[in-house]
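In what follows, a structure is listed as structure tokens, so that the remarks can point back to it.
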Amino acid sequence: MRKLIEFRNIVKSFDGQLVLKGVNLNIYENEFVTLLGPSGCGKTTLLRILGGFLEQDEGTVIFDGQCIDKVPPYRREINTVFQRYALFPHLNVYENIAFGLRIKKLGEDIIAQKVNRMLSLVNLEGYGKRNVTKLSGGQQQRVAIARALVNEPNVLLLDEPLGALDLKLRKEMQRELKRIQQEVGITFIYVTHDQEEALTMSDKIVVMNAGEIEQIGTPLEIYNEPANAYVARFIGESNIVNGTMLEDYKVRFDDKNFDCVDFGFKENEPVDVLIRPEDIAIVKPKDGVMRGEVKSVVFKGVHYELMVETRTGTSKTVEMHVVTQHDLYNDQAQEKISANDFYVDLDDLENKDLTDQDFISIANAQAWDEDNRDISLTHVTHNIQKQTGVYSITFGTEKKTEVTVKVYVIHPEYVEDARHNIGISALDFFITADEIMESMAISTDLKTWASAEAWNLQDDSPVDITDVKFDFDPATIQEGTYEITFATQGREYKIETTSAHEAGDRVGLSFGPDDIHVMHKEVTDA
Amino acid sequence: MKSFFRMSYPYILWIAIFIVAPMVMILLYALSRTGNSTLTFQFTLENFTKFFRDATFMRVLFTSLRIAFLTTVFCLLIGYPAALFIANLSERAQTMMVLLLTLPMWINMLLKTYAWRGILLNFDLESEMKVFIGMVYDFLPYMIIQIHTAIAKMDRELLTASYDLGANKWKTFRRVTLPLSVPGIISGITLVFLPAVSSFVIPKLLGGGDYVLIGNLIEIYFLQAGDWNFGSAISLIMALIIIASMWLTRKLDRSEQEA
């Protein structure tokens, strides 16, 4: 195939923001090329530079062997289908399509012939006299395609042309576009953020990210052998885990060694390991290369999507004391007040500068009058020392309605999971049955009451607590002491399977060496 | 729905008292001679025959139409490029320019016209030229703003599409920008022509005592001669001419869009 377009080191920035960081790309005759990437990756900018609507800061665009940097858009043999169609509202369907031909001053009979041929190519025979603003989205789309193609360009640029259509119509137009491209036999350059669209239509996919090309390849290459975790995540569903390449054909991840088909990495190089959800088979626990528990099952039509946890997260268990709270009644002021005993972490006392407001919320202190209206607490007095022990704290209103509760300053043990680099902490706490019953989101409230938090041991960045385990029914809870376990996310694998399973099942996971794809770690700019 | 309708009663009353009733009064005055009472209505068409038979009146009518037409044409010739220029500025600059354009409109027209009288005193110009300059100055902002609004709300991507299809800047203007700004041109013409044809302050102050347009004629008959019947007849004739010209421009606009 003949090389038609060549981008050489294209650099472009808007307001000091680098949008294209030196892009090199060759496009050949009769190819259906897709520029794929999330919004803001520079794909539309690249297209607009080719169309001549934007000028690059650096680099050269070669078209058919000639530099076209200085050629204005109206003299380029390229036509565009715009994202929002950009049909001329003052012209009907026929005149919209004839626009380019009239500019070229062709004869009326030739124009009629060409326009009618286009109308039938895009299945809009008999629509010539229609008002374009009255057409459906799909029909407007077809007019836009016809209006561009009638000029017989060497290249057709399509800027997210199906973005505004609904799913069914989009699928239909995907087939239609592919058919049109094969029929007219010219190069299509198609911009989209929709990976499925890219896989269905393209001969070649160019995956872009933050102004750079991550990978160029056929849909099959991109899917089966993504260059890095970014591409793998962008195209299709994926499980990506950290691993180490021990030697050629041997990779270690999740504390196990696996055979694989990849080679050419440095010894003990840290890598990303990709296993596609459809490549993992569910087997009996004893037959699997890994074992785990089914956490969730989602029915997807043709298959089920399971999340299987093969390793639990880091966890910490605390005690919850459910107590009866006695509201104190102040006769004179006709006010009621209440508060709970509470635990405080000595570390927080020393490092966090806890205010009266913090104590009010930890103790859940509140006051109200006979009509159940909230009354603000105006004073807080306590004898808390920066030392473990039991202290007392008094909350009061303006009218001297007061309540005193105990404060346990303790030095709790953190759970530190060095292997997975996660620390987690949570405190025992006192609570009333009413408060639990009134909770709208019990897991979230339990986390707050227990001051549960998890963090990365290396950089102290927060880590989500995804699992809150307890074995009481919040609706009918009685006084007593209950255990609550907070845990971070463990290792989960997404698996696509056609056999039915239920959450809680113990299963084995099975995959072979060629189901594993090893990738170099992404090089981050930062 | 019903209660909404009831809420419009005050407005209907307002329209009836201040718009419909005066119109009916003008019609009645125009079709009768002096000395009417509530009991005797003296129907006549002689107010109209008087107007159309007298060459002086016809000349005044013709002059008024001519000067209004010329004012409109000039406002369009100056206003269109100005509107196009403004529409191509940045968002901020556009707001600023529109503000600058509307600023003189906040000042009383009488005041502005007096100012022009002072300026034009230094030049040896014909009365008609002075009136013409005053009118163009006063009505130009209406034209610019109408056209600017039409161009500014146009989708910029349409221009890109036009370039993409091979049209250069001039052809893009001819085939995209101009046709899409026609509604703005039409309303600009209406907003300039109507006040220009019936204006009486500008000709009175800038034209000198002997320069009379139709608006002045109406004023003279109502206020100086006290002949309300003839004054009403002239007003009615003006109103009919205006309605006819509006109907014509609208028809032109529609046939333009269909072509």
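How things are named: the first chain in the structure tokens is A, the next is B, and so on; residues count from 1 in each chain; ligands count from 1 in the order shown.
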
* Asked: Counting only C-alpha atoms, which residues from chain B have an atom at most 10 Å from any atom of chain A, and could you show them as a ChimeraX atom specification?
  -> /B:154-169,171-172,175-176,179-180,256-259

Take the residues from that selection and write them out as a compact mmCIF listing (two decimals), in the first residue's frame, keeping C-alpha atoms.
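Result file follows (out_4.txt):
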```
# COMPACT_ATOMS: atom_id res chain seq x y z
CA MET B 154 -24.51 31.26 13.94
CA ASP B 155 -22.62 28.00 14.56
CA ARG B 156 -18.91 28.72 13.84
CA GLU B 157 -18.46 25.13 12.75
CA LEU B 158 -20.56 25.98 9.66
CA LEU B 159 -17.72 28.21 8.45
CA THR B 160 -15.22 25.42 9.05
CA ALA B 161 -17.50 23.06 7.12
CA SER B 162 -17.66 25.54 4.24
CA TYR B 163 -13.85 25.85 4.07
CA ASP B 164 -13.67 22.08 4.25
CA LEU B 165 -15.93 21.83 1.21
CA GLY B 166 -13.63 24.04 -0.82
CA ALA B 167 -15.10 27.50 -0.32
CA ASN B 168 -12.63 30.30 0.34
CA LYS B 169 -13.41 33.19 2.69
CA LYS B 171 -17.44 32.28 -1.07
CA THR B 172 -18.09 31.23 2.51
CA ARG B 175 -23.01 31.25 0.63
CA VAL B 176 -23.12 30.79 4.39
CA PRO B 179 -27.87 33.99 3.88
CA LEU B 180 -27.84 33.07 7.56
CA GLU B 256 -35.42 34.12 -0.08
CA GLN B 257 -35.56 31.21 2.35
CA GLU B 258 -37.45 29.00 -0.04
CA ALA B 259 -35.02 29.58 -2.89
```

Could you pull out all residues of segment 31-167 of chain B with a DSSP call of alpha helix (DSSP H) and give them as a short mmCIF file (atom, residue, chain, number, x, y, z; two decimals) with C-alpha atoms, in the first residue's frame?
```cif
data_model
loop_
_atom_site.label_atom_id
_atom_site.label_comp_id
_atom_site.auth_asym_id
_atom_site.auth_seq_id
_atom_site.Cartn_x
_atom_site.Cartn_y
_atom_site.Cartn_z
CA GLU B 46 -62.51 64.51 1.91
CA ASN B 47 -59.52 64.39 4.29
CA PHE B 48 -58.02 61.73 2.05
CA THR B 49 -58.91 63.39 -1.24
CA LYS B 50 -57.39 66.61 0.09
CA PHE B 51 -54.14 64.83 0.79
CA PHE B 52 -53.85 62.98 -2.49
CA ARG B 53 -54.98 65.92 -4.68
CA ALA B 55 -49.02 68.15 -4.88
CA THR B 56 -47.30 69.64 -1.81
CA PHE B 57 -48.52 66.86 0.47
CA MET B 58 -47.55 64.23 -2.06
CA ARG B 59 -44.10 65.77 -2.35
CA VAL B 60 -43.67 65.65 1.43
CA LEU B 61 -44.75 62.00 1.48
CA PHE B 62 -42.34 61.16 -1.32
CA THR B 63 -39.44 63.01 0.38
CA SER B 64 -40.13 61.17 3.64
CA LEU B 65 -40.08 57.79 1.93
CA ARG B 66 -36.96 58.66 0.00
CA ILE B 67 -34.98 59.87 3.00
CA ALA B 68 -36.10 56.88 5.09
CA PHE B 69 -35.09 54.53 2.27
CA LEU B 70 -31.68 56.17 1.88
CA THR B 71 -31.13 56.12 5.64
CA THR B 72 -31.94 52.41 5.71
CA VAL B 73 -29.62 51.62 2.81
CA PHE B 74 -26.77 53.57 4.37
CA CYS B 75 -27.29 52.02 7.80
CA LEU B 76 -27.15 48.61 6.12
CA LEU B 77 -24.00 49.47 4.14
CA ILE B 78 -22.17 50.74 7.22
CA GLY B 79 -23.85 48.41 9.70
CA TYR B 80 -23.26 45.06 8.04
CA PRO B 81 -19.44 45.25 7.85
CA ALA B 82 -19.40 46.69 11.37
CA ALA B 83 -21.57 43.83 12.69
CA LEU B 84 -19.41 41.28 10.89
CA PHE B 85 -16.27 42.83 12.35
CA ILE B 86 -17.70 42.78 15.88
CA ALA B 87 -18.93 39.19 15.56
CA GLU B 91 -16.36 37.17 23.45
CA ARG B 92 -15.22 39.92 25.81
CA ALA B 93 -14.52 42.43 23.06
CA GLN B 94 -17.94 41.71 21.55
CA THR B 95 -19.71 42.51 24.81
CA MET B 96 -17.66 45.68 25.08
CA MET B 97 -18.43 46.79 21.52
CA VAL B 98 -22.15 46.13 21.89
CA LEU B 99 -22.09 48.16 25.10
CA LEU B 100 -20.32 51.02 23.34
CA LEU B 101 -22.88 50.89 20.54
CA THR B 102 -25.85 50.99 22.87
CA MET B 109 -32.56 61.64 21.29
CA LEU B 110 -33.51 65.32 21.58
CA LEU B 111 -30.21 66.04 23.27
CA LYS B 112 -28.20 64.17 20.67
CA THR B 113 -30.03 65.91 17.86
CA TYR B 114 -29.35 69.33 19.41
CA ALA B 115 -25.69 68.37 19.58
CA TRP B 116 -25.73 67.49 15.91
CA ARG B 117 -27.35 70.83 15.16
CA GLY B 118 -24.41 72.53 16.77
CA ILE B 119 -21.91 70.48 14.85
CA LEU B 120 -23.65 70.83 11.48
CA LEU B 121 -23.94 74.60 11.91
CA SER B 127 -31.15 70.69 4.83
CA GLU B 128 -31.84 67.21 3.51
CA MET B 129 -28.18 66.22 3.93
CA LYS B 130 -28.22 67.36 7.56
CA VAL B 131 -31.42 65.43 8.29
CA PHE B 132 -29.95 62.40 6.56
CA ILE B 133 -26.74 62.53 8.64
CA GLY B 134 -28.78 62.87 11.84
CA MET B 135 -30.97 59.91 10.98
CA VAL B 136 -28.11 57.61 10.01
CA TYR B 137 -26.36 58.50 13.25
CA ASP B 138 -29.43 57.87 15.37
CA PHE B 139 -30.64 54.63 13.81
CA LEU B 140 -27.34 52.92 12.93
CA PRO B 141 -26.98 51.08 16.29
CA TYR B 142 -30.33 49.30 15.78
CA MET B 143 -29.10 47.93 12.47
CA ILE B 144 -25.71 46.82 13.80
CA ILE B 145 -27.13 45.11 16.85
CA GLN B 146 -29.76 43.19 14.90
CA ILE B 147 -27.25 41.92 12.34
CA HIS B 148 -24.61 41.22 14.97
CA THR B 149 -27.06 39.09 16.94
CA ALA B 150 -27.88 37.05 13.83
CA ILE B 151 -24.20 36.47 12.96
CA ALA B 152 -23.11 35.80 16.54
CA GLU B 157 -18.46 25.13 12.75
CA LEU B 158 -20.56 25.98 9.66
CA LEU B 159 -17.72 28.21 8.45
CA THR B 160 -15.22 25.42 9.05
CA ALA B 161 -17.50 23.06 7.12
CA SER B 162 -17.66 25.54 4.24
CA TYR B 163 -13.85 25.85 4.07
CA ASP B 164 -13.67 22.08 4.25
#
```

* To do: From the DSSP assignment of the backbone, select every residue of segment 270-450 of chain A that is strand (DSSP E), and format the answer as JSON, numbers by chain.
  => {"A": [270, 271, 272, 273, 274, 275, 281, 282, 283, 290, 291, 292, 293, 294, 295, 296, 297, 298, 299, 304, 305, 306, 307, 308, 309, 310, 311, 315, 316, 317, 318, 319, 320, 321, 322, 323, 328, 329, 330, 335, 336, 337, 338, 342, 343, 344, 345, 366, 367, 368, 369, 374, 375, 377, 378, 379, 380, 381, 382, 389, 390, 391, 392, 393, 394, 395, 396, 397, 402, 403, 404, 405, 406, 407, 408, 409, 410, 415, 416, 417, 422, 423, 424, 425, 429, 430, 431, 432]}

* Asked: So, counting only C-alpha atoms, which residue among A:Asp505, A:Asp374, A:Glu6, A:Asp279 is closest to Leu25 of chain A?
  ->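 Result for the nearest residue to Leu25 of chain A: A:Glu6.
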
* Computed interatomic separation between atom CA of Val344 of chain A and atom CA of Glu398 of chain A (Å) ->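 Computing it gives 26.4 Å between the two atoms.
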
* **Residue neighbourhood segment 244-247 of chain B, 8 Å, only C-alpha atoms, exclusion window fewer than 4 positions, as a PyMOL selection string** => chain B and resi 190+240+251

* Near segment 329-343 of chain A, counting only C-alpha atoms, which residues have an atom at most 10 Å away, once you skip same-chain residues fewer than 2 positions from it, shown as a PyMOL selection string? -> chain A and resi 321+323-327+345-346+359-375+377+390+392-412+427-432+449-451

* To do: Would you mind telling me which residue in A:Tyr190, A:Arg170, A:Glu269, A:Asn30 lies nearest to Arg48 of chain A when using only C-alpha atoms?
  =>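 Of the candidates, the smallest distance to Arg48 of chain A is held by A:Tyr190.
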